[in-house]
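Data block for final-v8.cif (mmCIF, C-alpha atoms):
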```cif
data_input
loop_
_atom_site.group_PDB
_atom_site.id
_atom_site.type_symbol
_atom_site.label_atom_id
_atom_site.label_comp_id
_atom_site.auth_asym_id
_atom_site.auth_seq_id
_atom_site.Cartn_x
_atom_site.Cartn_y
_atom_site.Cartn_z
ATOM 1 C CA MET A 4 150.608 -19.136 -47.452
ATOM 2 C CA LYS A 5 147.451 -17.534 -46.104
ATOM 3 C CA SER A 6 145.495 -14.675 -47.623
ATOM 4 C CA LYS A 7 143.826 -11.891 -45.634
ATOM 5 C CA GLU A 8 140.704 -14.029 -45.272
ATOM 6 C CA GLY A 9 142.760 -16.880 -43.845
ATOM 7 C CA ILE A 10 142.447 -19.050 -46.950
ATOM 8 C CA ASN A 11 145.346 -21.402 -47.425
ATOM 9 C CA THR A 12 146.003 -20.552 -51.080
ATOM 10 C CA LYS A 13 148.613 -23.247 -51.667
ATOM 11 C CA LYS A 14 146.476 -26.051 -50.286
ATOM 12 C CA ASN A 15 143.140 -24.909 -51.739
ATOM 13 C CA ALA A 16 144.603 -23.363 -54.907
ATOM 14 C CA MET A 17 142.436 -20.284 -54.355
ATOM 15 C CA LEU A 18 143.500 -16.647 -54.518
ATOM 16 C CA SER A 19 141.860 -13.620 -53.024
ATOM 17 C CA ILE A 20 140.964 -10.841 -55.434
ATOM 18 C CA GLY A 21 143.924 -8.817 -54.146
ATOM 19 C CA GLU A 22 146.320 -11.726 -54.631
ATOM 20 C CA LEU A 23 145.033 -12.269 -58.174
ATOM 21 C CA ALA A 24 145.378 -8.566 -58.934
ATOM 22 C CA THR A 25 148.940 -8.502 -57.587
ATOM 23 C CA ARG A 26 149.916 -11.702 -59.387
ATOM 24 C CA THR A 27 148.626 -10.457 -62.761
ATOM 25 C CA GLY A 28 149.531 -6.779 -62.412
ATOM 26 C CA THR A 29 145.882 -5.826 -62.767
ATOM 27 C CA SER A 30 143.872 -3.580 -60.499
ATOM 28 C CA VAL A 31 141.289 -5.088 -58.163
ATOM 29 C CA SER A 32 138.625 -3.124 -60.050
ATOM 30 C CA GLY A 33 139.909 -4.680 -63.291
ATOM 31 C CA ILE A 34 139.543 -8.161 -61.808
ATOM 32 C CA ARG A 35 135.993 -7.307 -60.705
ATOM 33 C CA PHE A 36 135.254 -5.983 -64.199
ATOM 34 C CA TYR A 37 136.477 -9.207 -65.867
ATOM 35 C CA ALA A 38 134.398 -11.252 -63.407
ATOM 36 C CA ASP A 39 131.322 -9.080 -64.007
ATOM 37 C CA LYS A 40 131.773 -9.620 -67.774
ATOM 38 C CA SER A 41 132.033 -13.405 -67.156
ATOM 39 C CA LEU A 42 135.553 -13.545 -68.594
ATOM 40 C CA ILE A 43 136.708 -15.098 -65.335
ATOM 41 C CA HIS A 44 134.747 -16.819 -62.602
ATOM 42 C CA ALA A 45 134.884 -16.287 -58.865
ATOM 43 C CA ALA A 46 133.688 -18.267 -55.918
ATOM 44 C CA ARG A 47 132.857 -16.729 -52.552
ATOM 45 C CA SER A 48 134.760 -17.271 -49.340
ATOM 46 C CA ASN A 49 132.934 -17.911 -46.058
ATOM 47 C CA SER A 50 133.161 -14.186 -45.401
ATOM 48 C CA GLY A 51 131.599 -13.400 -48.810
ATOM 49 C CA HIS A 52 134.736 -12.166 -50.552
ATOM 50 C CA ARG A 53 135.514 -13.176 -54.110
ATOM 51 C CA ILE A 54 138.117 -15.905 -54.428
ATOM 52 C CA PHE A 55 139.570 -17.335 -57.596
ATOM 53 C CA ALA A 56 141.091 -20.622 -58.652
ATOM 54 C CA ARG A 57 144.829 -20.321 -59.164
ATOM 55 C CA SER A 58 144.268 -21.228 -62.843
ATOM 56 C CA VAL A 59 142.488 -17.873 -63.335
ATOM 57 C CA VAL A 60 145.949 -16.237 -63.386
ATOM 58 C CA ARG A 61 146.446 -17.644 -66.890
ATOM 59 C CA ARG A 62 143.028 -16.479 -68.035
ATOM 60 C CA VAL A 63 143.675 -12.939 -66.832
ATOM 61 C CA SER A 64 147.113 -12.996 -68.455
ATOM 62 C CA PHE A 65 145.508 -14.121 -71.716
ATOM 63 C CA ILE A 66 142.919 -11.338 -71.448
ATOM 64 C CA LEU A 67 145.616 -8.727 -70.907
ATOM 65 C CA ILE A 68 147.701 -9.943 -73.849
ATOM 66 C CA ALA A 69 144.677 -10.181 -76.144
ATOM 67 C CA GLN A 70 143.570 -6.666 -75.196
ATOM 68 C CA LYS A 71 147.060 -5.356 -75.873
ATOM 69 C CA LEU A 72 146.848 -6.949 -79.338
ATOM 70 C CA GLY A 73 143.613 -5.061 -79.987
ATOM 71 C CA TYR A 74 141.021 -7.789 -79.469
ATOM 72 C CA SER A 75 137.631 -6.738 -78.141
ATOM 73 C CA LEU A 76 136.205 -8.199 -74.952
ATOM 74 C CA ALA A 77 133.603 -10.014 -77.061
ATOM 75 C CA GLN A 78 136.358 -11.673 -79.119
ATOM 76 C CA ILE A 79 138.281 -12.556 -75.968
ATOM 77 C CA SER A 80 135.155 -13.978 -74.346
ATOM 78 C CA LYS A 81 134.474 -16.143 -77.394
ATOM 79 C CA ALA A 82 138.051 -17.444 -77.361
ATOM 80 C CA LEU A 83 137.900 -18.224 -73.640
ATOM 81 C CA GLN A 84 134.715 -20.234 -74.173
ATOM 82 C CA ALA A 85 136.913 -22.852 -75.848
ATOM 83 C CA LEU A 86 138.531 -23.531 -72.472
ATOM 84 C CA PRO A 87 136.902 -25.931 -70.009
ATOM 85 C CA GLU A 88 135.157 -24.400 -66.991
ATOM 86 C CA GLU A 89 134.897 -27.592 -64.948
ATOM 87 C CA ARG A 90 138.650 -28.084 -64.643
ATOM 88 C CA THR A 91 141.944 -26.279 -64.964
ATOM 89 C CA PRO A 92 142.760 -25.967 -68.661
ATOM 90 C CA SER A 93 145.514 -28.322 -69.770
ATOM 91 C CA LYS A 94 148.430 -27.522 -72.031
ATOM 92 C CA ALA A 95 146.461 -29.115 -74.901
ATOM 93 C CA ASP A 96 143.504 -26.805 -74.167
ATOM 94 C CA TRP A 97 145.739 -23.740 -74.278
ATOM 95 C CA SER A 98 147.439 -25.039 -77.438
ATOM 96 C CA ARG A 99 144.093 -25.273 -79.253
ATOM 97 C CA LEU A 100 143.257 -21.718 -78.231
ATOM 98 C CA SER A 101 146.751 -20.584 -79.179
ATOM 99 C CA ARG A 102 146.537 -22.099 -82.679
ATOM 100 C CA ALA A 103 143.355 -20.187 -83.471
ATOM 101 C CA PHE A 104 144.813 -16.935 -82.185
ATOM 102 C CA SER A 105 148.125 -17.576 -83.935
ATOM 103 C CA GLN A 106 146.370 -17.816 -87.295
ATOM 104 C CA ASP A 107 144.552 -14.563 -86.692
ATOM 105 C CA ILE A 108 147.707 -12.839 -85.453
ATOM 106 C CA GLN A 109 149.631 -14.050 -88.520
ATOM 107 C CA SER A 110 146.913 -12.585 -90.728
ATOM 108 C CA LYS A 111 147.268 -9.248 -88.911
ATOM 109 C CA ILE A 112 151.068 -9.412 -89.289
ATOM 110 C CA ASP A 113 150.672 -10.045 -93.024
ATOM 111 C CA GLU A 114 148.327 -7.061 -93.337
ATOM 112 C CA LEU A 115 150.756 -4.856 -91.406
ATOM 113 C CA GLU A 116 153.677 -6.021 -93.572
ATOM 114 C CA THR A 117 151.684 -5.131 -96.688
ATOM 115 C CA LEU A 118 150.876 -1.743 -95.232
ATOM 116 C CA LYS A 119 154.506 -1.189 -94.256
ATOM 117 C CA SER A 120 155.835 -2.114 -97.689
ATOM 118 C CA LYS A 121 153.304 0.011 -99.552
ATOM 119 C CA LEU A 122 153.016 2.937 -97.179
ATOM 120 C CA ASP A 123 155.295 5.277 -99.114
ATOM 121 C CA GLU A 124 153.637 4.608 -102.446
ATOM 122 C CA CYS A 125 150.107 4.513 -101.006
ATOM 123 C CA ILE A 126 150.345 7.821 -99.251
ATOM 124 C CA GLY A 127 151.343 9.446 -102.515
ATOM 125 C CA CYS A 128 149.575 7.231 -105.039
ATOM 126 C CA GLY A 129 145.937 7.947 -104.397
ATOM 127 C CA CYS A 130 144.989 4.454 -103.271
ATOM 128 C CA LEU A 131 142.550 6.136 -100.957
ATOM 129 C CA SER A 132 140.749 7.149 -104.143
ATOM 130 C CA LEU A 133 141.945 10.730 -104.082
ATOM 131 C CA ALA A 134 141.526 12.568 -107.355
ATOM 132 C CA SER A 135 144.780 14.499 -106.930
ATOM 133 C CA CYS A 136 147.175 11.612 -107.713
ATOM 134 C CA LYS A 137 147.985 11.225 -111.389
ATOM 135 C CA LEU A 138 150.667 8.563 -110.913
ATOM 136 C CA TYR A 139 148.777 5.404 -109.905
ATOM 137 C CA ASN A 140 145.201 6.601 -109.707
ATOM 138 C CA LYS A 141 144.666 8.816 -112.713
ATOM 139 C CA ASP A 142 141.237 10.446 -112.734
ATOM 140 C CA ASP A 143 140.340 8.713 -109.458
ATOM 141 C CA ALA A 144 139.950 5.414 -111.324
ATOM 142 C CA ALA A 145 140.573 3.333 -108.160
ATOM 143 C CA ALA A 146 137.115 4.349 -106.973
ATOM 144 C CA ASP A 147 135.719 1.986 -109.629
ATOM 145 C CA LEU A 148 137.187 -0.917 -107.644
ATOM 146 C CA GLY A 149 135.207 -0.049 -104.512
ATOM 147 C CA ALA A 150 135.483 1.967 -101.351
ATOM 148 C CA GLY A 151 138.559 2.316 -99.175
ATOM 149 C CA PRO A 152 142.286 1.953 -99.768
ATOM 150 C CA ARG A 153 141.938 -0.269 -102.824
ATOM 151 C CA TYR A 154 145.629 -0.935 -103.456
ATOM 152 C CA LEU A 155 146.263 -1.731 -99.796
ATOM 153 C CA LEU A 156 143.338 -4.131 -99.900
ATOM 154 C CA GLY A 157 145.111 -6.050 -102.639
ATOM 155 C CA ASP A 158 143.777 -4.452 -105.803
ATOM 156 C CA LYS A 159 146.280 -3.454 -108.478
ATOM 157 C CA PRO A 160 146.066 -0.666 -111.038
ATOM 158 C CA SER A 161 145.803 -3.422 -113.666
ATOM 159 C CA ASP A 162 142.529 -4.548 -112.025
ATOM 160 C CA LEU A 163 140.932 -1.379 -113.382
ATOM 161 C CA ASN A 164 141.092 -2.920 -116.855
ATOM 162 C CA ASP A 165 139.040 -5.884 -115.609
ATOM 163 C CA THR A 166 136.238 -3.626 -114.367
ATOM 164 C CA LYS A 167 135.949 -1.874 -117.731
ATOM 165 C CA GLN A 168 135.482 -5.075 -119.733
#
```

Representation of the structure as structure tokens:
Amino acid sequence: MKSKEGINTKKNAMLSIGELATRTGTSVSGIRFYADKSLIHAARSNSGHRIFARSVVRRVSFILIAQKLGYSLAQISKALQALPEERTPSKADWSRLSRAFSQDIQSKIDELETLKSKLDECIGCGCLSLASCKLYNKDDAAADLGAGPRYLLGDKPSDLNDTKQ
């Protein structure tokens, strides 16, 4: 299969920017952006066009998934630094990266589960340190535990006793 520049992509395992964009469902400008941010690396064809190793498809896919999960480009860049640049990442390389992300994702899932289970009581209980709730946060006592949604952060009304001792 030959690209517009005449590069035999099967033999050389290189993709034009358009082929990479099509393969990953990303715009050409998105591919350029990722390359400009050093998230992916391009070579240049004889005609000066950007070309990419076929393995970059996985990197772009990872970037897209990580962005969808809410990770910043800085976090994604740091994660991608764990992958080798001098060769196509192996399954073991991707597994190491996956384990680190899996732990972080599980932590986010746990936080979301906590939020989900406490949402009804937290909206009405004053865990945001609102003075109007007399049920769980009488006299805005949760404010003594610190800023933010104290009960969602893991504090309990019983912890207020500990701060007064």

Once you add 3 Å to each side, what are the centre and edge lengths of the axis-aligned box holding all listed atoms of stretch 18-29 of chain A? One decimal in Å, as lines of an AutoDock Vina configuration file, if you can.
```
center_x = 145.4
center_y = -11.2
center_z = -57.9
size_x = 15.0
size_y = 16.8
size_z = 15.7
```

> How far is it from atom CA of A:Glu116 to atom CA of A:Gly157, in Å with one decimal?
Replying inline: 12.5 Å

>> Suppose a student applies the PyMOL selection byres ((chain A and resi 21) around 10) to this structure; what residues should they get, written as a list in words?
In response: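 Selection result, ordered by chain and number: Ser6, Lys7, Leu18, Ser19, Ile20, Glu22, Leu23, Ala24, Thr25, Arg26, Thr27, Thr29, Ser30, Val31, Ser32, Ile34, Arg53 and Ile54 of chain A.
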
>> Using Å and a single decimal, report how far atom CA of A:Ile43 sits from atom CA of A:Val63.
In response: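 Atom CA of A:Ile43 lies at a distance of 7.4 Å from atom CA of A:Val63.
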
> For A:Leu148, which residue out of A:Ser161, A:Ser48, A:Ser75, A:Ser98 is the nearest one, using all atoms listed in the file?
Replying inline: A:Ser161

>> Please report the interatomic distance between atom CA of A:Leu76 and atom CA of A:Leu42 in Å with one decimal.
In response: 8.3 Å

With only C-alpha atoms as the counted atoms, please give the residues lying no more than 12 Å from A:Ser101, apart from itself and same-chain residues fewer than 3 positions off, as an mmCIF file with C-alpha atoms, in the frame of the given file.
```cif
data_model
loop_
_atom_site.group_PDB
_atom_site.id
_atom_site.type_symbol
_atom_site.label_atom_id
_atom_site.label_comp_id
_atom_site.auth_asym_id
_atom_site.auth_seq_id
_atom_site.Cartn_x
_atom_site.Cartn_y
_atom_site.Cartn_z
ATOM 1 C CA PHE A 65 145.508 -14.121 -71.716
ATOM 2 C CA ILE A 68 147.701 -9.943 -73.849
ATOM 3 C CA ALA A 69 144.677 -10.181 -76.144
ATOM 4 C CA ALA A 82 138.051 -17.444 -77.361
ATOM 5 C CA LEU A 83 137.900 -18.224 -73.640
ATOM 6 C CA ALA A 85 136.913 -22.852 -75.848
ATOM 7 C CA LEU A 86 138.531 -23.531 -72.472
ATOM 8 C CA LYS A 94 148.430 -27.522 -72.031
ATOM 9 C CA ALA A 95 146.461 -29.115 -74.901
ATOM 10 C CA ASP A 96 143.504 -26.805 -74.167
ATOM 11 C CA TRP A 97 145.739 -23.740 -74.278
ATOM 12 C CA SER A 98 147.439 -25.039 -77.438
ATOM 13 C CA PHE A 104 144.813 -16.935 -82.185
ATOM 14 C CA SER A 105 148.125 -17.576 -83.935
ATOM 15 C CA GLN A 106 146.370 -17.816 -87.295
ATOM 16 C CA ASP A 107 144.552 -14.563 -86.692
ATOM 17 C CA ILE A 108 147.707 -12.839 -85.453
ATOM 18 C CA GLN A 109 149.631 -14.050 -88.520
#
```

> What lies within 9 Å of A:Ser58 using all atoms listed in the file, ignoring chain neighbours under 6 positions off, as a VMD selection string?
Replying inline: chain A and resid 16 to 17 91 to 92

>> Here is a test: counting only C-alpha atoms, which residue of A:Ser93, A:Ala103, A:Asp143, A:Tyr154 is nearest to A:Ser120?
In response: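 Result for the nearest residue to A:Ser120: A:Tyr154.
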
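The nearest approach to A:Lys159 among the residues A:Leu118, A:Val60, A:Ile79, A:Ala145, with all atoms listed in the file taken into account, belongs to A:Ala145.
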